[in-house]
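Enquirer: The structure is given below, and queries will be raised subsequently.
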Amino acid sequence: MNPYLEILRPGNAIMAVIAIFLMAVISGKFTLEALMAGVVVFIVTGAGNSINDYFDHKIDAINKPERPIPSGRISLKTALIYSIFLFVMGIIIAFSINLLLGMIAFLSSVLMIFYARDLKTKCLVGNMSISFLTGLCFVFGGIAVGQIVVSIYLGFFAFLMTMAREIVKDMEDVEGDKIEGAATLPILRGMRTSSILAAAFMILASIGSPLLYFMGIFSVFYLPVLFLAIIIFLYSATSILKDQSVENAKKVSKRIKLGMAITFVAFAVGSPFLATLW
């Protein structure tokens, strides 16, 4: 893969764009504003991933040596310039949609930079920052299509799921983080405490997410697909509670990501717009 595309981690960026797409599906409004919002989220998320790699080049040399910077395919200076360019481009496009989205894009970009430079290594603060930004993607899309209240509900559950994955990812990267002097939850409180908190977020998301049907936000088609995601989350919670090894944390992290993807499918399948087409 081209290193300038790889450093954006396009898979993660597309996952963020899916939040915009889902809000368009839920509202039934496939507008130019929604398309532009998706472009903004992809660019800004990619810029955030790029600036994160810039600040994390030393720790990535231990945990992820194949990434563009530690592998020598992109220089540090080039990565910084590239990141700033993408942030500016995304913010300009967001302001061209409306003032509120422009301000959100700007503040999100600032948070991403602070996260990469300072917050990532802070116990739970970094995890909460990323989880907040993930949930904010839904709100960003909700503003673009005029479904703000619904987007806040979806953003909340995206926050819960992301918190679980972020904690497990810290468990996965604990050895490299120790060498770098990071103060993540697994380092400060241990792998057992981290597994309990990660499992709690997964269980809370599993218990709470069916409420979106009973609140009338989604149709009955939402429940069968969601049930599959809940099984994955509960299995992942049980697994991480039983085995806190780095190897198992890697497996659980992937399962949580799969569960999130299935949950997003449930959002789409259960949307009022699609329900009218069944």
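By order in the structure tokens, chains are A, B, ...; within a chain, residues start at 1; ligands start at 1, following the order shown.
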Using only C-alpha atoms, what does the table of region 138-236 of chain A residues within 10 Å of region 108-120 of chain A look like, with each row giving the shortest atom pair and its distance in Å to one decimal, sorted by chain and ascending number, as JSON lines?
Expert:
```
{"residue": "A:Asp170", "atom": "CA", "partner": "A:Lys120", "partner_atom": "CA", "distance": 10.0}
{"residue": "A:Ala182", "atom": "CA", "partner": "A:Lys120", "partner_atom": "CA", "distance": 8.2}
{"residue": "A:Ala183", "atom": "CA", "partner": "A:Lys120", "partner_atom": "CA", "distance": 8.8}
{"residue": "A:Thr184", "atom": "CA", "partner": "A:Lys120", "partner_atom": "CA", "distance": 8.1}
```
Enquirer: Next, dump the selected residues to file, keeping only all heavy atoms, as a PDB file, in the first residue's frame.
Expert:
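Just written: selection-v4.pdb:
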```pdb
ATOM      1  N   ASP A 170      -4.780  -0.930  24.861  1.00  0.00           N
ATOM      2  CA  ASP A 170      -3.708  -0.583  25.805  1.00  0.00           C
ATOM      3  C   ASP A 170      -3.124  -1.845  26.437  1.00  0.00           C
ATOM      4  O   ASP A 170      -1.916  -1.913  26.700  1.00  0.00           O
ATOM      5  CB  ASP A 170      -4.241   0.344  26.905  1.00  0.00           C
ATOM      6  CG  ASP A 170      -4.355   1.790  26.442  1.00  0.00           C
ATOM      7  OD1 ASP A 170      -3.814   2.114  25.369  1.00  0.00           O
ATOM      8  OD2 ASP A 170      -4.992   2.585  27.161  1.00  0.00           O
ATOM      9  N   ALA A 182       4.723   5.406  29.233  1.00  0.00           N
ATOM     10  CA  ALA A 182       3.325   5.819  29.217  1.00  0.00           C
ATOM     11  C   ALA A 182       2.651   5.444  30.534  1.00  0.00           C
ATOM     12  O   ALA A 182       3.100   4.558  31.257  1.00  0.00           O
ATOM     13  CB  ALA A 182       2.599   5.153  28.050  1.00  0.00           C
ATOM     14  N   ALA A 183       1.549   6.148  30.824  1.00  0.00           N
ATOM     15  CA  ALA A 183       0.821   5.901  32.075  1.00  0.00           C
ATOM     16  C   ALA A 183      -0.579   5.401  31.756  1.00  0.00           C
ATOM     17  O   ALA A 183      -1.577   5.967  32.194  1.00  0.00           O
ATOM     18  CB  ALA A 183       0.762   7.180  32.910  1.00  0.00           C
ATOM     19  N   THR A 184      -0.665   4.337  30.973  1.00  0.00           N
ATOM     20  CA  THR A 184      -1.961   3.782  30.614  1.00  0.00           C
ATOM     21  C   THR A 184      -2.540   2.981  31.782  1.00  0.00           C
ATOM     22  O   THR A 184      -1.845   2.656  32.745  1.00  0.00           O
ATOM     23  CB  THR A 184      -1.837   2.878  29.381  1.00  0.00           C
ATOM     24  OG1 THR A 184      -0.952   1.789  29.688  1.00  0.00           O
ATOM     25  CG2 THR A 184      -1.284   3.648  28.197  1.00  0.00           C
TER      26      THR A 184
END
```
Enquirer: Excluding Asn12 (chain A) and its own-chain neighbours fewer than 5 positions away, which residues fall within 9 Å of it when counting only C-alpha atoms? Please give them as a list of chain:residue names.
Expert: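 Using only C-alpha atoms, the neighbours found are A:Val17, A:Phe42, A:Thr45, A:Gly46, A:Asn49.
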Enquirer: Keeping all heavy atoms, export the residues of the selection given above as a short mmCIF file (atom, residue, chain, number, x, y, z; two decimals), in the first residue's frame.
Expert:
```cif
data_model
loop_
_atom_site.label_atom_id
_atom_site.label_comp_id
_atom_site.auth_asym_id
_atom_site.auth_seq_id
_atom_site.Cartn_x
_atom_site.Cartn_y
_atom_site.Cartn_z
N VAL A 17 -16.36 7.30 8.68
CA VAL A 17 -17.27 7.79 7.64
C VAL A 17 -18.59 7.02 7.67
O VAL A 17 -19.65 7.57 7.36
CB VAL A 17 -16.62 7.67 6.24
CG1 VAL A 17 -17.61 8.03 5.14
CG2 VAL A 17 -15.39 8.57 6.15
N PHE A 42 -13.41 11.66 6.87
CA PHE A 42 -12.32 10.81 6.38
C PHE A 42 -10.99 11.56 6.43
O PHE A 42 -9.98 11.03 6.91
CB PHE A 42 -12.59 10.37 4.94
CG PHE A 42 -11.53 9.44 4.40
CD1 PHE A 42 -11.63 8.07 4.58
CD2 PHE A 42 -10.44 9.94 3.71
CE1 PHE A 42 -10.65 7.22 4.10
CE2 PHE A 42 -9.45 9.10 3.22
CZ PHE A 42 -9.56 7.73 3.42
N THR A 45 -10.00 12.41 10.20
CA THR A 45 -9.62 11.18 10.90
C THR A 45 -8.27 10.68 10.40
O THR A 45 -7.40 10.27 11.19
CB THR A 45 -10.68 10.08 10.69
OG1 THR A 45 -11.93 10.54 11.20
CG2 THR A 45 -10.27 8.80 11.42
N GLY A 46 -8.07 10.73 9.09
CA GLY A 46 -6.78 10.34 8.52
C GLY A 46 -5.66 11.22 9.01
O GLY A 46 -4.55 10.74 9.32
N ASN A 49 -4.78 10.17 12.50
CA ASN A 49 -3.97 8.96 12.50
C ASN A 49 -2.53 9.27 12.12
O ASN A 49 -1.58 8.71 12.68
CB ASN A 49 -4.55 7.93 11.54
CG ASN A 49 -5.86 7.35 12.04
OD1 ASN A 49 -6.09 7.25 13.24
ND2 ASN A 49 -6.73 6.95 11.13
#
```
Enquirer: Enumerate the residues of region 44-135 of chain A with a DSSP assignment of alpha helix (DSSP H), computed from the backbone, and present them as number ranges by chain.
Expert: A: 44-55, 57-63, 76-97, 99-114, 125-135
Enquirer: Between CA of Ser151 (chain A) and CA of Gly126 (chain A), what is the spacing in Å?
Expert: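 Separating CA of Gly126 (chain A) from CA of Ser151 (chain A) is a distance of 22.8 Å.
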Enquirer: Could you name the residues that touch region 217-230 of chain A at 8 Å or less, counting only C-alpha atoms, but leaving out those on the same chain fewer than 3 positions away, as a list of chain:residue names?
Expert: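 Residues near the query, excluding close chain neighbours: A:Val150, A:Ser206, A:Pro210, A:Leu212, A:Tyr213, A:Phe214, A:Phe233, A:Leu234, A:Leu258, A:Gly259, A:Met260, A:Ile262, A:Thr263, A:Val265, A:Ala266, A:Phe267, A:Ala268, A:Val269, A:Gly270, A:Ser271, A:Pro272, A:Ala275.
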Enquirer: Could you jot down the CA of Met1 (chain A) to CA of Pro68 (chain A) separation for me, Å, one decimal place?
Expert: 9.9 Å
Enquirer: Closest to Phe140 (chain A) among A:Ala249, A:Ile231, A:Ile62, A:Val39, using only C-alpha atoms?
Expert: A:Val39
Enquirer: Would you mind telling me which residue in A:Pro186, A:Gly208, A:Gly181, A:Gly141 lies nearest to Ala34 (chain A) when using only C-alpha atoms?
Expert: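 Residue with the minimum atom-to-atom distance to Ala34 (chain A): A:Gly141.
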Enquirer: Excluding same-chain residues fewer than 5 positions from Phe264 (chain A), what lies within 8 Å of it counting only C-alpha atoms, as a ChimeraX atom specification?
Expert: /A:18-19,22
Enquirer: Go ahead and write the residues just picked, N, CA, C and O atoms, as a PDB file, in the first residue's frame.
Expert:
```
ATOM      1  N   ILE A  18     -18.535   5.761   8.078  1.00  0.00           N
ATOM      2  CA  ILE A  18     -19.753   4.953   8.161  1.00  0.00           C
ATOM      3  C   ILE A  18     -20.773   5.603   9.090  1.00  0.00           C
ATOM      4  O   ILE A  18     -21.985   5.502   8.868  1.00  0.00           O
ATOM      5  N   ALA A  19     -20.295   6.300  10.127  1.00  0.00           N
ATOM      6  CA  ALA A  19     -21.214   7.002  11.028  1.00  0.00           C
ATOM      7  C   ALA A  19     -22.029   8.040  10.259  1.00  0.00           C
ATOM      8  O   ALA A  19     -23.235   8.193  10.498  1.00  0.00           O
ATOM      9  N   LEU A  22     -24.527   6.173   8.059  1.00  0.00           N
ATOM     10  CA  LEU A  22     -25.637   5.650   8.838  1.00  0.00           C
ATOM     11  C   LEU A  22     -26.656   6.735   9.168  1.00  0.00           C
ATOM     12  O   LEU A  22     -27.864   6.495   9.128  1.00  0.00           O
TER      13      LEU A  22
END
```
Enquirer: Calculate how many Å separate CA of Lys58 (chain A) from CA of Leu185 (chain A), rounding to one decimal.
Expert: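 CA of Leu185 (chain A) lies at a distance of 20.1 Å from CA of Lys58 (chain A).
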Enquirer: List the neighbours of Gly155 (chain A) out to 8 Å using only C-alpha atoms; skip same-chain residues closer than 3 positions along the sequence, and give me the result as an MDAnalysis selection string.
Expert: chainID A and resid 134:139 151:152 158:159
Enquirer: Please produce a file of the residues just selected, as a CSV table (one decimal), in the first residue's frame, where the atoms kept are N, CA, C and O atoms.
Expert:
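As written to disk, out10.csv reads:
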```csv
chain,number,residue,atom,x,y,z
A,134,THR,N,-15.1,9.3,18.4
A,134,THR,CA,-15.8,8.3,17.7
A,134,THR,C,-17.3,8.6,17.8
A,134,THR,O,-18.0,8.6,16.7
A,135,GLY,N,-17.8,8.9,19.0
A,135,GLY,CA,-19.2,9.2,19.1
A,135,GLY,C,-19.6,10.5,18.4
A,135,GLY,O,-20.7,10.6,17.9
A,136,LEU,N,-18.7,11.4,18.4
A,136,LEU,CA,-18.9,12.7,17.8
A,136,LEU,C,-19.1,12.6,16.3
A,136,LEU,O,-19.8,13.4,15.7
A,137,CYS,N,-18.6,11.6,15.7
A,137,CYS,CA,-18.8,11.3,14.2
A,137,CYS,C,-20.3,11.2,13.9
A,137,CYS,O,-20.8,11.7,12.9
A,138,PHE,N,-21.0,10.5,14.8
A,138,PHE,CA,-22.4,10.4,14.6
A,138,PHE,C,-23.1,11.7,14.7
A,138,PHE,O,-24.0,12.1,14.0
A,139,VAL,N,-22.7,12.5,15.7
A,139,VAL,CA,-23.3,13.8,15.9
A,139,VAL,C,-23.0,14.7,14.7
A,139,VAL,O,-23.9,15.5,14.3
A,151,SER,N,-28.7,11.1,16.7
A,151,SER,CA,-27.2,11.0,16.6
A,151,SER,C,-26.5,11.0,17.9
A,151,SER,O,-25.5,10.3,18.1
A,152,ILE,N,-27.1,11.7,18.9
A,152,ILE,CA,-26.5,11.7,20.2
A,152,ILE,C,-26.6,10.4,20.9
A,152,ILE,O,-25.7,9.9,21.5
A,158,ALA,N,-21.6,4.3,20.6
A,158,ALA,CA,-20.3,4.2,20.0
A,158,ALA,C,-19.2,4.5,21.0
A,158,ALA,O,-18.2,3.9,20.9
A,159,PHE,N,-19.5,5.5,21.9
A,159,PHE,CA,-18.5,5.8,22.9
A,159,PHE,C,-18.3,4.6,23.8
A,159,PHE,O,-17.1,4.3,24.1
```
Enquirer: Find the residue from A:Ile43, A:Ala198, A:Cys123, A:Ile93 that sits nearest to Arg165 (chain A); use only C-alpha atoms when measuring.
Expert: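 Of A:Ile43, A:Ala198, A:Cys123, A:Ile93, the one nearest Arg165 (chain A) is A:Ala198, counting only C-alpha atoms.
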Enquirer: If you count only C-alpha atoms, which residues fall within 8 Å of Ser27 (chain A), apart from same-chain ones fewer than 2 positions away, as number ranges by chain?
Expert: A: 23-25, 29, 145-147, 272-273
Enquirer: Export, as a JSON list (two decimals), in the first residue's frame, the selected residues with C-alpha atoms.
Expert:
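Below is the file result.json, written as the result:
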```json
[["chain", "number", "residue", "atom", "x", "y", "z"],
["A", 23, "MET", "CA", -27.09, 9.01, 9.79],
["A", 24, "ALA", "CA", -27.96, 9.58, 6.13],
["A", 25, "VAL", "CA", -29.67, 6.17, 5.96],
["A", 29, "LYS", "CA", -31.45, 12.29, 3.45],
["A", 145, "VAL", "CA", -28.81, 15.64, 7.96],
["A", 146, "GLY", "CA", -30.90, 17.26, 10.70],
["A", 147, "GLN", "CA", -31.10, 14.28, 13.10],
["A", 272, "PRO", "CA", -36.96, 3.86, 9.71],
["A", 273, "PHE", "CA", -35.99, 4.70, 6.13]]
```
